[in-house]
Amino acid sequence: MILIDGKKTAAEIKQEIAAEVADMTAQGLRAPHLVAILVGHDGGSETYVANKVKACGECGFKSTLIRFEDDVTQERLLEEIHKLNEDPEVDGFIVQLPLPRHIDEQAVIREVSPAKDVDGFHPVNVGCMSVGLPCFLPATPAGIMQLLKRYSVPTKGKHAVVLGRSNIVGKPMASLLMQKSDPGNCTVTVCHSSTPDIKEICRNADIIVAALGQPGFVTEDMVKEGAVIIDVGTTRVADSTRKSGWRLRGDVDFENVAQKCSYITPVPGGVGPMTICSLMINTLKARKENPHK
Ligand code: GUN
């Protein structure tokens, strides 16, 4: 069994990016600039955004955090987005999700200029991804594709089972895995809450990408000998031995499943660090393509 080390791979990629940014700035060019919008004080979102800002520092990027309270109106949020779309010194920006219930997420995503949509959530980027045109890829599936590539995991002709159909992970993951590319060329099955016989479908999988948000969902009896297991789950579960009182748990019963598979990602230290890395890759691309030098 090979443990896929997302933390190490992410550190390598960030070093590669930092070297490229150092070259840019040595030539007198502006460093890439990422802006993050954070609404409210959700613990998970606070941590994610803090980690994104930290990663910007490691890559030599400029970063700006714009905060709004929970009661911000959709109109005010859209006004900020329009300002960022027009700001020549902002290469890319993200609006951290989820948003409060009174705000229509899709309406917000639609207002972000596709050229600055480093999350890859705008329908233009989703469409380009689906037909294989250049675009910003969503961070989590792009990070998983990087791991498959850097660990030379064979994917051509394999049966990949994606558990979960979210717009952020499941759907784009299925799209990338089926793409005529390397990694890619998989036969893909997407399972969700209305799928009967998930266990049986998983037993036929060469690759399982678990993105359900249900801790320990994938058990040993669901996994074929030699399968590749990618765990996207990051649920906080109570842990009285930790100072924080919680720890992250993935969607896979790691202890037992690891014995059976050829490759597996741990939680934490697997997919998570790669997600932020993809955002850095997208921001560097946005900087290079920004017509405002
Ligand atoms: N919430 C959970 N994942 C993401 C992500 O990749 N981007 C944003 N903006 N919000 C998220």
# chains A, B, ... in the order shown; residues from 1 in each chain; ligands from 1

call {"tool": "residues_around", "arguments": {"residues": "Val190 in chain A", "least_positions_apart": "4", "cutoff": "9 Å", "atoms": "only C-alpha atoms", "output": "ChimeraX atom specification"}}
result
/A:160-165,170-171,174,195

call {"tool": "write_last_selection", "arguments": {"atoms": "all heavy atoms", "output": "short mmCIF file (atom, residue, chain, number, x, y, z; two decimals), in the first residue's frame"}}
result
data_model
loop_
_atom_site.label_atom_id
_atom_site.label_comp_id
_atom_site.auth_asym_id
_atom_site.auth_seq_id
_atom_site.Cartn_x
_atom_site.Cartn_y
_atom_site.Cartn_z
N ALA A 160 -13.94 4.13 -12.04
CA ALA A 160 -13.88 5.05 -10.90
C ALA A 160 -15.29 5.26 -10.36
O ALA A 160 -16.22 5.52 -11.13
CB ALA A 160 -13.28 6.39 -11.33
N VAL A 161 -15.44 5.15 -9.06
CA VAL A 161 -16.72 5.41 -8.41
C VAL A 161 -16.57 6.68 -7.56
O VAL A 161 -15.70 6.75 -6.69
CB VAL A 161 -17.17 4.21 -7.55
CG1 VAL A 161 -18.38 4.57 -6.70
CG2 VAL A 161 -17.49 3.02 -8.45
N VAL A 162 -17.40 7.68 -7.88
CA VAL A 162 -17.39 8.93 -7.12
C VAL A 162 -18.60 8.91 -6.19
O VAL A 162 -19.73 8.73 -6.64
CB VAL A 162 -17.46 10.15 -8.08
CG1 VAL A 162 -17.52 11.45 -7.31
CG2 VAL A 162 -16.27 10.14 -9.04
N LEU A 163 -18.35 9.05 -4.89
CA LEU A 163 -19.43 9.07 -3.91
C LEU A 163 -19.73 10.53 -3.57
O LEU A 163 -18.89 11.21 -2.96
CB LEU A 163 -19.03 8.31 -2.65
CG LEU A 163 -18.62 6.84 -2.85
CD1 LEU A 163 -18.17 6.22 -1.53
CD2 LEU A 163 -19.78 6.04 -3.44
N GLY A 164 -20.89 11.02 -4.01
CA GLY A 164 -21.25 12.42 -3.79
C GLY A 164 -21.39 13.15 -5.12
O GLY A 164 -20.63 12.88 -6.05
N ARG A 165 -22.35 14.05 -5.19
CA ARG A 165 -22.62 14.75 -6.46
C ARG A 165 -22.67 16.26 -6.28
O ARG A 165 -23.42 16.97 -6.95
CB ARG A 165 -23.94 14.26 -7.03
CG ARG A 165 -25.09 14.46 -6.06
CD ARG A 165 -26.43 14.16 -6.64
NE ARG A 165 -27.36 13.84 -5.57
CZ ARG A 165 -28.61 13.42 -5.76
NH1 ARG A 165 -29.06 13.25 -6.97
NH2 ARG A 165 -29.37 13.16 -4.74
N GLY A 170 -18.08 16.34 -6.32
CA GLY A 170 -18.53 15.12 -7.02
C GLY A 170 -18.68 15.29 -8.52
O GLY A 170 -18.09 14.54 -9.31
N LYS A 171 -19.48 16.28 -8.93
CA LYS A 171 -19.74 16.46 -10.37
C LYS A 171 -18.46 16.77 -11.15
O LYS A 171 -18.17 16.11 -12.15
CB LYS A 171 -20.79 17.54 -10.61
CG LYS A 171 -22.20 17.08 -10.33
CD LYS A 171 -23.18 18.21 -10.67
CE LYS A 171 -24.47 18.05 -9.92
NZ LYS A 171 -25.21 19.32 -9.84
N ALA A 174 -16.13 13.70 -11.43
CA ALA A 174 -16.58 12.72 -12.43
C ALA A 174 -16.20 13.19 -13.83
O ALA A 174 -15.70 12.41 -14.66
CB ALA A 174 -18.09 12.52 -12.31
N THR A 195 -28.94 6.46 -4.54
CA THR A 195 -28.39 5.29 -5.24
C THR A 195 -28.60 4.03 -4.39
O THR A 195 -28.12 3.98 -3.25
CB THR A 195 -26.87 5.47 -5.48
OG1 THR A 195 -26.66 6.70 -6.15
CG2 THR A 195 -26.31 4.32 -6.32
#

call {"tool": "residues_near_ligand", "arguments": {"ligand": "ligand 1", "cutoff": "9 Å", "atoms": "only C-alpha atoms and all ligand atoms", "output": "NGL selection string"}}
result
:A and (36-38 or 44-45 or 48-49 or 93-99 or 118-121 or 138-140 or 168-169 or 275-276 or 279)

call {"tool": "write_last_selection", "arguments": {"atoms": "N, CA, C and O atoms", "output": "compact mmCIF listing (two decimals), in the first residue's frame"}}
result
# COMPACT_ATOMS: atom_id res chain seq x y z
N ALA A 36 -9.99 37.20 -0.85
CA ALA A 36 -11.00 36.26 -0.33
C ALA A 36 -12.08 37.06 0.38
O ALA A 36 -11.77 37.95 1.19
N ILE A 37 -13.33 36.74 0.06
CA ILE A 37 -14.46 37.36 0.77
C ILE A 37 -15.01 36.33 1.75
O ILE A 37 -15.31 35.19 1.36
N LEU A 38 -15.10 36.72 3.02
CA LEU A 38 -15.62 35.83 4.05
C LEU A 38 -16.83 36.49 4.71
O LEU A 38 -16.73 37.60 5.22
N GLY A 44 -15.36 26.52 10.44
CA GLY A 44 -14.71 25.84 9.32
C GLY A 44 -14.24 26.83 8.26
O GLY A 44 -13.09 26.80 7.83
N SER A 45 -15.14 27.77 7.89
CA SER A 45 -14.80 28.75 6.86
C SER A 45 -13.65 29.65 7.30
O SER A 45 -12.77 29.99 6.51
N TYR A 48 -10.49 27.65 6.82
CA TYR A 48 -10.14 27.51 5.40
C TYR A 48 -9.55 28.81 4.85
O TYR A 48 -8.53 28.80 4.17
N VAL A 49 -10.22 29.92 5.16
CA VAL A 49 -9.77 31.20 4.61
C VAL A 49 -8.40 31.58 5.20
O VAL A 49 -7.51 32.04 4.48
N PHE A 93 -10.35 36.21 -7.29
CA PHE A 93 -10.97 36.28 -5.95
C PHE A 93 -11.96 35.15 -5.75
O PHE A 93 -12.44 34.54 -6.70
N ILE A 94 -12.20 34.88 -4.46
CA ILE A 94 -13.14 33.81 -4.09
C ILE A 94 -14.13 34.36 -3.07
O ILE A 94 -13.81 35.26 -2.29
N VAL A 95 -15.32 33.80 -3.11
CA VAL A 95 -16.31 34.07 -2.05
C VAL A 95 -16.45 32.76 -1.30
O VAL A 95 -16.89 31.75 -1.88
N GLN A 96 -16.00 32.74 -0.05
CA GLN A 96 -16.02 31.47 0.70
C GLN A 96 -17.46 30.99 0.90
O GLN A 96 -18.34 31.76 1.31
N LEU A 97 -17.70 29.73 0.61
CA LEU A 97 -19.02 29.11 0.78
C LEU A 97 -18.99 28.21 2.02
O LEU A 97 -17.91 27.73 2.38
N PRO A 98 -20.09 27.93 2.69
CA PRO A 98 -21.44 28.37 2.35
C PRO A 98 -21.71 29.81 2.75
O PRO A 98 -21.04 30.36 3.63
N LEU A 99 -22.72 30.41 2.11
CA LEU A 99 -23.18 31.76 2.44
C LEU A 99 -24.44 31.64 3.30
O LEU A 99 -25.12 30.61 3.26
N VAL A 118 -11.15 32.12 -9.66
CA VAL A 118 -10.11 31.12 -9.38
C VAL A 118 -10.64 29.90 -8.62
O VAL A 118 -9.93 28.91 -8.45
N ASP A 119 -11.91 29.95 -8.18
CA ASP A 119 -12.57 28.77 -7.62
C ASP A 119 -13.06 27.83 -8.73
O ASP A 119 -13.39 26.67 -8.46
N GLY A 120 -13.21 28.37 -9.93
CA GLY A 120 -13.74 27.56 -11.04
C GLY A 120 -15.20 27.21 -10.87
O GLY A 120 -15.65 26.17 -11.36
N PHE A 121 -15.97 28.07 -10.21
CA PHE A 121 -17.39 27.77 -9.92
C PHE A 121 -18.34 28.41 -10.93
O PHE A 121 -19.51 28.06 -10.99
N PRO A 138 -12.00 23.55 -10.56
CA PRO A 138 -12.30 23.64 -9.13
C PRO A 138 -11.23 22.95 -8.30
O PRO A 138 -10.67 21.92 -8.70
N ALA A 139 -10.94 23.54 -7.14
CA ALA A 139 -9.72 23.21 -6.39
C ALA A 139 -9.61 21.75 -5.94
O ALA A 139 -8.55 21.13 -6.09
N THR A 140 -10.67 21.20 -5.39
CA THR A 140 -10.53 19.85 -4.82
C THR A 140 -10.31 18.79 -5.91
O THR A 140 -9.34 18.03 -5.85
N ILE A 168 -19.17 21.27 -6.13
CA ILE A 168 -17.78 21.62 -5.80
C ILE A 168 -16.84 20.42 -5.98
O ILE A 168 -15.70 20.56 -6.40
N VAL A 169 -17.31 19.21 -5.66
CA VAL A 169 -16.42 18.04 -5.73
C VAL A 169 -16.95 16.93 -6.66
O VAL A 169 -16.32 16.60 -7.67
N THR A 275 -6.00 20.98 -2.04
CA THR A 275 -7.10 21.86 -2.44
C THR A 275 -6.61 23.31 -2.47
O THR A 275 -6.84 24.04 -3.44
N ILE A 276 -5.91 23.70 -1.42
CA ILE A 276 -5.41 25.08 -1.35
C ILE A 276 -4.34 25.32 -2.40
O ILE A 276 -4.25 26.38 -3.01
N LEU A 279 -5.78 26.26 -5.68
CA LEU A 279 -6.19 27.67 -5.69
C LEU A 279 -4.98 28.56 -6.01
O LEU A 279 -5.09 29.55 -6.73

call {"tool": "select_by_dssp", "arguments": {"residues": "range 143-222 of chain A", "states": "alpha helix (DSSP H)", "output": "tab-separated table (two decimals) with all heavy atoms, in the first residue's frame"}}
result
chain	number	residue	atom	x	y	z
A	143	GLY	N	-6.87	19.17	-7.37
A	143	GLY	CA	-5.83	18.68	-6.45
A	143	GLY	C	-5.73	17.17	-6.50
A	143	GLY	O	-4.63	16.61	-6.45
A	144	ILE	N	-6.87	16.50	-6.61
A	144	ILE	CA	-6.87	15.03	-6.69
A	144	ILE	C	-6.22	14.58	-8.00
A	144	ILE	O	-5.41	13.64	-8.01
A	144	ILE	CB	-8.32	14.49	-6.55
A	144	ILE	CG1	-8.84	14.75	-5.14
A	144	ILE	CG2	-8.39	13.00	-6.90
A	144	ILE	CD1	-10.31	14.51	-4.93
A	145	MET	N	-6.51	15.29	-9.10
A	145	MET	CA	-5.88	14.94	-10.39
A	145	MET	C	-4.36	15.11	-10.29
A	145	MET	O	-3.60	14.31	-10.83
A	145	MET	CB	-6.46	15.79	-11.53
A	145	MET	CG	-7.93	15.57	-11.79
A	145	MET	SD	-8.40	13.86	-12.17
A	145	MET	CE	-8.10	13.81	-13.92
A	146	GLN	N	-3.90	16.14	-9.59
A	146	GLN	CA	-2.46	16.36	-9.39
A	146	GLN	C	-1.84	15.19	-8.63
A	146	GLN	O	-0.75	14.72	-8.95
A	146	GLN	CB	-2.20	17.64	-8.58
A	146	GLN	CG	-2.26	18.92	-9.38
A	146	GLN	CD	-0.97	19.18	-10.15
A	146	GLN	OE1	0.07	18.56	-9.90
A	146	GLN	NE2	-1.05	20.07	-11.12
A	147	LEU	N	-2.55	14.72	-7.59
A	147	LEU	CA	-2.03	13.59	-6.80
A	147	LEU	C	-1.94	12.34	-7.66
A	147	LEU	O	-0.93	11.61	-7.62
A	147	LEU	CB	-2.91	13.33	-5.57
A	147	LEU	CG	-2.84	14.34	-4.43
A	147	LEU	CD1	-3.84	13.98	-3.34
A	147	LEU	CD2	-1.42	14.39	-3.84
A	148	LEU	N	-2.99	12.08	-8.46
A	148	LEU	CA	-2.97	10.88	-9.33
A	148	LEU	C	-1.81	10.98	-10.30
A	148	LEU	O	-1.11	9.99	-10.57
A	148	LEU	CB	-4.30	10.76	-10.09
A	148	LEU	CG	-5.56	10.51	-9.23
A	148	LEU	CD1	-6.82	10.57	-10.09
A	148	LEU	CD2	-5.47	9.16	-8.50
A	149	LYS	N	-1.57	12.21	-10.81
A	149	LYS	CA	-0.49	12.42	-11.78
A	149	LYS	C	0.89	12.23	-11.13
A	149	LYS	O	1.71	11.48	-11.61
A	149	LYS	CB	-0.62	13.84	-12.34
A	149	LYS	CG	0.30	14.17	-13.47
A	149	LYS	CD	-0.10	15.54	-14.01
A	149	LYS	CE	0.99	16.09	-14.90
A	149	LYS	NZ	0.67	17.47	-15.29
A	150	ARG	N	1.09	12.92	-10.01
A	150	ARG	CA	2.43	12.90	-9.39
A	150	ARG	C	2.76	11.54	-8.78
A	150	ARG	O	3.94	11.23	-8.60
A	150	ARG	CB	2.56	14.03	-8.37
A	150	ARG	CG	2.64	15.39	-9.09
A	150	ARG	CD	2.85	16.54	-8.15
A	150	ARG	NE	2.88	17.79	-8.93
A	150	ARG	CZ	3.88	18.68	-8.89
A	150	ARG	NH1	4.92	18.50	-8.11
A	150	ARG	NH2	3.83	19.77	-9.62
A	170	GLY	N	-18.08	16.34	-6.32
A	170	GLY	CA	-18.53	15.12	-7.02
A	170	GLY	C	-18.68	15.29	-8.52
A	170	GLY	O	-18.09	14.54	-9.31
A	171	LYS	N	-19.48	16.28	-8.93
A	171	LYS	CA	-19.74	16.46	-10.37
A	171	LYS	C	-18.46	16.77	-11.15
A	171	LYS	O	-18.17	16.11	-12.15
A	171	LYS	CB	-20.79	17.54	-10.61
A	171	LYS	CG	-22.20	17.08	-10.33
A	171	LYS	CD	-23.18	18.21	-10.67
A	171	LYS	CE	-24.47	18.05	-9.92
A	171	LYS	NZ	-25.21	19.32	-9.84
A	172	PRO	N	-17.67	17.80	-10.73
A	172	PRO	CA	-16.44	18.06	-11.50
A	172	PRO	C	-15.44	16.90	-11.45
A	172	PRO	O	-14.71	16.65	-12.41
A	172	PRO	CB	-15.86	19.33	-10.86
A	172	PRO	CG	-16.55	19.49	-9.56
A	172	PRO	CD	-17.88	18.82	-9.67
A	173	MET	N	-15.41	16.17	-10.34
A	173	MET	CA	-14.49	15.02	-10.24
A	173	MET	C	-14.83	13.98	-11.30
A	173	MET	O	-13.95	13.45	-12.00
A	173	MET	CB	-14.63	14.39	-8.84
A	173	MET	CG	-13.60	13.35	-8.50
A	173	MET	SD	-11.99	14.07	-8.19
A	173	MET	CE	-11.05	13.67	-9.61
A	174	ALA	N	-16.13	13.70	-11.43
A	174	ALA	CA	-16.58	12.72	-12.43
A	174	ALA	C	-16.20	13.19	-13.83
A	174	ALA	O	-15.70	12.41	-14.66
A	174	ALA	CB	-18.09	12.52	-12.31
A	175	SER	N	-16.38	14.48	-14.07
A	175	SER	CA	-16.09	15.05	-15.38
A	175	SER	C	-14.59	14.92	-15.72
A	175	SER	O	-14.22	14.53	-16.84
A	175	SER	CB	-16.53	16.52	-15.34
A	175	SER	OG	-16.28	17.15	-16.53
A	176	LEU	N	-13.73	15.23	-14.76
A	176	LEU	CA	-12.28	15.16	-15.01
A	176	LEU	C	-11.80	13.72	-15.18
A	176	LEU	O	-10.95	13.43	-16.01
A	176	LEU	CB	-11.50	15.85	-13.88
A	176	LEU	CG	-11.68	17.37	-13.79
A	176	LEU	CD1	-11.00	17.92	-12.54
A	176	LEU	CD2	-11.13	18.06	-15.04
A	177	LEU	N	-12.36	12.81	-14.38
A	177	LEU	CA	-11.91	11.41	-14.46
A	177	LEU	C	-12.31	10.76	-15.79
A	177	LEU	O	-11.64	9.86	-16.27
A	177	LEU	CB	-12.46	10.60	-13.28
A	177	LEU	CG	-11.80	10.85	-11.93
A	177	LEU	CD1	-12.61	10.20	-10.81
A	177	LEU	CD2	-10.36	10.34	-11.90
A	178	MET	N	-13.42	11.24	-16.37
A	178	MET	CA	-13.86	10.63	-17.64
A	178	MET	C	-13.22	11.29	-18.86
A	178	MET	O	-13.27	10.77	-19.96
A	178	MET	CB	-15.39	10.65	-17.76
A	178	MET	CG	-15.96	11.97	-18.18
A	178	MET	SD	-17.71	11.84	-18.57
A	178	MET	CE	-18.43	12.00	-16.96
A	198	ILE	N	-25.02	0.91	-3.07
A	198	ILE	CA	-23.73	1.61	-3.12
A	198	ILE	C	-22.59	0.64	-2.79
A	198	ILE	O	-21.54	0.66	-3.42
A	198	ILE	CB	-23.70	2.83	-2.16
A	198	ILE	CG1	-24.64	3.92	-2.69
A	198	ILE	CG2	-22.29	3.40	-2.03
A	198	ILE	CD1	-24.54	5.26	-1.99
A	199	LYS	N	-22.82	-0.23	-1.83
A	199	LYS	CA	-21.76	-1.17	-1.40
A	199	LYS	C	-21.32	-2.02	-2.59
A	199	LYS	O	-20.12	-2.19	-2.84
A	199	LYS	CB	-22.26	-2.08	-0.29
A	199	LYS	CG	-22.10	-1.46	1.09
A	199	LYS	CD	-22.47	-2.46	2.18
A	199	LYS	CE	-22.51	-1.78	3.53
A	199	LYS	NZ	-21.30	-1.90	4.31
A	200	GLU	N	-22.29	-2.55	-3.31
A	200	GLU	CA	-22.00	-3.43	-4.44
A	200	GLU	C	-21.26	-2.67	-5.54
A	200	GLU	O	-20.30	-3.18	-6.14
A	200	GLU	CB	-23.32	-4.03	-4.97
A	200	GLU	CG	-23.16	-5.17	-5.94
A	200	GLU	CD	-22.25	-6.28	-5.41
A	200	GLU	OE1	-22.27	-6.56	-4.20
A	200	GLU	OE2	-21.50	-6.85	-6.25
A	201	ILE	N	-21.68	-1.44	-5.82
A	201	ILE	CA	-21.02	-0.63	-6.85
A	201	ILE	C	-19.57	-0.37	-6.44
A	201	ILE	O	-18.65	-0.48	-7.25
A	201	ILE	CB	-21.80	0.70	-7.08
A	201	ILE	CG1	-23.18	0.38	-7.68
A	201	ILE	CG2	-21.03	1.64	-8.00
A	201	ILE	CD1	-24.14	1.57	-7.70
A	202	CYS	N	-19.35	-0.05	-5.16
A	202	CYS	CA	-17.99	0.21	-4.68
A	202	CYS	C	-17.10	-1.03	-4.79
A	202	CYS	O	-15.91	-0.92	-5.11
A	202	CYS	CB	-18.01	0.69	-3.23
A	202	CYS	SG	-18.57	2.38	-3.07
A	203	ARG	N	-17.69	-2.19	-4.56
A	203	ARG	CA	-16.89	-3.43	-4.64
A	203	ARG	C	-16.36	-3.66	-6.05
A	203	ARG	O	-15.41	-4.39	-6.25
A	203	ARG	CB	-17.73	-4.64	-4.19
A	203	ARG	CG	-17.71	-4.83	-2.67
A	203	ARG	CD	-18.22	-6.20	-2.27
A	203	ARG	NE	-19.66	-6.29	-2.30
A	203	ARG	CZ	-20.46	-6.02	-1.26
A	203	ARG	NH1	-19.94	-5.64	-0.11
A	203	ARG	NH2	-21.76	-6.13	-1.37

call {"tool": "atom_distance", "arguments": {"atom1": "CA of Thr265 in chain A", "atom2": "CA of Ile4 in chain A"}}
result
4.9 Å

call {"tool": "closest_residue", "arguments": {"among": "A:Val108, A:Phe61, A:Gly92, A:Ser166", "to": "Gln74 in chain A", "atoms": "only C-alpha atoms"}}
result
A:Val108

call {"tool": "atom_distance", "arguments": {"atom1": "CA of Thr187 in chain A", "atom2": "CA of His159 in chain A"}}
result
4.8 Å

call {"tool": "atom_distance", "arguments": {"atom1": "CA of Arg76 in chain A", "atom2": "CA of Ile103 in chain A"}}
result
10.7 Å

call {"tool": "closest_residue", "arguments": {"among": "A:Cys59, A:Val131, A:Ala211, A:Val124", "to": "Ala31 in chain A", "atoms": "only C-alpha atoms"}}
result
A:Cys59

call {"tool": "residues_around", "arguments": {"residues": "Phe254 in chain A", "least_positions_apart": "4", "cutoff": "10 Å", "atoms": "only C-alpha atoms", "output": "list of chain:residue names"}}
result
A:Gly216, A:Val218, A:Thr219, A:Glu220, A:Ile229, A:Asp231, A:Arg249, A:Gly250, A:Ala258, A:Gln259, A:Ile264, A:Thr265, A:Pro266, A:Val267

call {"tool": "write_last_selection", "arguments": {"atoms": "all heavy atoms", "output": "mmCIF file, in the first residue's frame"}}
result
data_model
loop_
_atom_site.group_PDB
_atom_site.id
_atom_site.type_symbol
_atom_site.label_atom_id
_atom_site.label_comp_id
_atom_site.auth_asym_id
_atom_site.auth_seq_id
_atom_site.Cartn_x
_atom_site.Cartn_y
_atom_site.Cartn_z
ATOM 1 N N GLY A 216 -16.222 7.714 8.042
ATOM 2 C CA GLY A 216 -16.088 6.260 8.075
ATOM 3 C C GLY A 216 -17.055 5.505 7.184
ATOM 4 O O GLY A 216 -17.227 4.295 7.338
ATOM 5 N N VAL A 218 -16.941 4.506 4.012
ATOM 6 C CA VAL A 218 -16.365 3.442 3.179
ATOM 7 C C VAL A 218 -15.646 2.443 4.085
ATOM 8 O O VAL A 218 -14.620 2.748 4.691
ATOM 9 C CB VAL A 218 -15.383 4.009 2.125
ATOM 10 C CG1 VAL A 218 -14.741 2.878 1.313
ATOM 11 C CG2 VAL A 218 -16.096 4.988 1.199
ATOM 12 N N THR A 219 -16.233 1.241 4.173
ATOM 13 C CA THR A 219 -15.663 0.215 5.047
ATOM 14 C C THR A 219 -14.959 -0.855 4.205
ATOM 15 O O THR A 219 -15.131 -0.922 2.981
ATOM 16 C CB THR A 219 -16.785 -0.413 5.897
ATOM 17 O OG1 THR A 219 -17.887 -0.721 5.040
ATOM 18 C CG2 THR A 219 -17.256 0.535 6.988
ATOM 19 N N GLU A 220 -14.204 -1.678 4.897
ATOM 20 C CA GLU A 220 -13.354 -2.699 4.273
ATOM 21 C C GLU A 220 -14.138 -3.604 3.304
ATOM 22 O O GLU A 220 -13.653 -3.937 2.218
ATOM 23 C CB GLU A 220 -12.787 -3.514 5.432
ATOM 24 C CG GLU A 220 -11.775 -4.520 5.085
ATOM 25 C CD GLU A 220 -11.538 -5.433 6.286
ATOM 26 O OE1 GLU A 220 -12.098 -5.172 7.375
ATOM 27 O OE2 GLU A 220 -10.816 -6.413 6.096
ATOM 28 N N ILE A 229 -7.898 4.514 -3.150
ATOM 29 C CA ILE A 229 -8.902 5.184 -2.311
ATOM 30 C C ILE A 229 -8.512 6.652 -2.083
ATOM 31 O O ILE A 229 -7.452 6.945 -1.523
ATOM 32 C CB ILE A 229 -9.037 4.487 -0.930
ATOM 33 C CG1 ILE A 229 -9.284 2.982 -1.099
ATOM 34 C CG2 ILE A 229 -10.136 5.147 -0.097
ATOM 35 C CD1 ILE A 229 -10.615 2.610 -1.698
ATOM 36 N N ASP A 231 -9.842 10.027 -0.249
ATOM 37 C CA ASP A 231 -10.786 10.425 0.803
ATOM 38 C C ASP A 231 -10.888 11.953 0.876
ATOM 39 O O ASP A 231 -9.928 12.636 1.259
ATOM 40 C CB ASP A 231 -10.289 9.859 2.149
ATOM 41 C CG ASP A 231 -11.325 9.980 3.252
ATOM 42 O OD1 ASP A 231 -12.334 10.678 3.055
ATOM 43 O OD2 ASP A 231 -11.107 9.357 4.321
ATOM 44 N N ARG A 249 -12.108 13.807 10.590
ATOM 45 C CA ARG A 249 -12.252 12.411 10.218
ATOM 46 C C ARG A 249 -12.731 12.334 8.773
ATOM 47 O O ARG A 249 -13.617 13.095 8.350
ATOM 48 C CB ARG A 249 -13.231 11.728 11.181
ATOM 49 C CG ARG A 249 -13.438 10.288 10.865
ATOM 50 C CD ARG A 249 -13.483 9.383 12.104
ATOM 51 N NE ARG A 249 -13.392 8.000 11.629
ATOM 52 C CZ ARG A 249 -14.427 7.151 11.643
ATOM 53 N NH1 ARG A 249 -15.582 7.510 12.153
ATOM 54 N NH2 ARG A 249 -14.276 5.925 11.145
ATOM 55 N N GLY A 250 -12.146 11.428 8.005
ATOM 56 C CA GLY A 250 -12.517 11.272 6.598
ATOM 57 C C GLY A 250 -13.729 10.381 6.405
ATOM 58 O O GLY A 250 -14.309 9.871 7.373
ATOM 59 N N ALA A 258 -7.079 0.583 4.583
ATOM 60 C CA ALA A 258 -5.691 0.735 4.119
ATOM 61 C C ALA A 258 -5.024 -0.612 3.824
ATOM 62 O O ALA A 258 -4.205 -0.727 2.909
ATOM 63 C CB ALA A 258 -4.889 1.517 5.157
ATOM 64 N N GLN A 259 -5.404 -1.644 4.599
ATOM 65 C CA GLN A 259 -4.785 -2.973 4.425
ATOM 66 C C GLN A 259 -5.039 -3.536 3.021
ATOM 67 O O GLN A 259 -4.262 -4.325 2.520
ATOM 68 C CB GLN A 259 -5.387 -3.996 5.413
ATOM 69 C CG GLN A 259 -5.820 -3.468 6.751
ATOM 70 C CD GLN A 259 -4.639 -3.285 7.682
ATOM 71 O OE1 GLN A 259 -3.606 -3.921 7.487
ATOM 72 N NE2 GLN A 259 -4.769 -2.410 8.654
ATOM 73 N N ILE A 264 -3.754 5.047 -0.986
ATOM 74 C CA ILE A 264 -4.803 5.671 -0.152
ATOM 75 C C ILE A 264 -4.336 7.050 0.321
ATOM 76 O O ILE A 264 -3.139 7.267 0.539
ATOM 77 C CB ILE A 264 -5.186 4.752 1.044
ATOM 78 C CG1 ILE A 264 -6.425 5.287 1.776
ATOM 79 C CG2 ILE A 264 -4.019 4.571 2.020
ATOM 80 C CD1 ILE A 264 -7.084 4.266 2.727
ATOM 81 N N THR A 265 -5.285 7.985 0.431
ATOM 82 C CA THR A 265 -4.957 9.307 0.990
ATOM 83 C C THR A 265 -5.406 9.350 2.452
ATOM 84 O O THR A 265 -6.509 8.908 2.777
ATOM 85 C CB THR A 265 -5.681 10.441 0.216
ATOM 86 O OG1 THR A 265 -7.100 10.278 0.356
ATOM 87 C CG2 THR A 265 -5.308 10.461 -1.246
ATOM 88 N N PRO A 266 -4.565 9.876 3.338
ATOM 89 C CA PRO A 266 -4.964 9.999 4.748
ATOM 90 C C PRO A 266 -5.800 11.259 4.977
ATOM 91 O O PRO A 266 -5.843 12.144 4.126
ATOM 92 C CB PRO A 266 -3.614 10.128 5.462
ATOM 93 C CG PRO A 266 -2.743 10.824 4.469
ATOM 94 C CD PRO A 266 -3.206 10.407 3.100
ATOM 95 N N VAL A 267 -6.459 11.318 6.118
ATOM 96 C CA VAL A 267 -7.135 12.544 6.586
ATOM 97 C C VAL A 267 -6.703 12.766 8.026
ATOM 98 O O VAL A 267 -6.914 11.870 8.860
ATOM 99 C CB VAL A 267 -8.674 12.423 6.518
ATOM 100 C CG1 VAL A 267 -9.346 13.664 7.131
ATOM 101 C CG2 VAL A 267 -9.154 12.219 5.093
#

call {"tool": "closest_residue", "arguments": {"among": "A:Gln179, A:Ser113, A:Gln15, A:Gln27", "to": "Gly57 in chain A", "atoms": "only C-alpha atoms"}}
result
A:Gln15

call {"tool": "decode", "arguments": {"residues": "range 27-32 of chain A", "atoms": "N, CA and C atoms", "output": "mmCIF file, in the first residue's frame"}}
result
data_model
loop_
_atom_site.group_PDB
_atom_site.id
_atom_site.type_symbol
_atom_site.label_atom_id
_atom_site.label_comp_id
_atom_site.auth_asym_id
_atom_site.auth_seq_id
_atom_site.Cartn_x
_atom_site.Cartn_y
_atom_site.Cartn_z
ATOM 1 N N GLN A 27 11.879 40.471 -12.218
ATOM 2 C CA GLN A 27 11.776 41.183 -13.511
ATOM 3 C C GLN A 27 10.969 42.473 -13.388
ATOM 4 N N GLY A 28 10.582 42.805 -12.178
ATOM 5 C CA GLY A 28 9.834 44.043 -11.945
ATOM 6 C C GLY A 28 8.338 43.888 -12.124
ATOM 7 N N LEU A 29 7.866 42.627 -12.272
ATOM 8 C CA LEU A 29 6.416 42.406 -12.426
ATOM 9 C C LEU A 29 5.746 42.313 -11.057
ATOM 10 N N ARG A 30 4.476 42.649 -11.026
ATOM 11 C CA ARG A 30 3.672 42.593 -9.817
ATOM 12 C C ARG A 30 3.421 41.134 -9.418
ATOM 13 N N ALA A 31 3.466 40.835 -8.116
ATOM 14 C CA ALA A 31 3.154 39.474 -7.644
ATOM 15 C C ALA A 31 1.655 39.209 -7.813
ATOM 16 N N PRO A 32 1.249 37.937 -7.964
ATOM 17 C CA PRO A 32 -0.180 37.628 -8.043
ATOM 18 C C PRO A 32 -0.922 38.115 -6.794
#
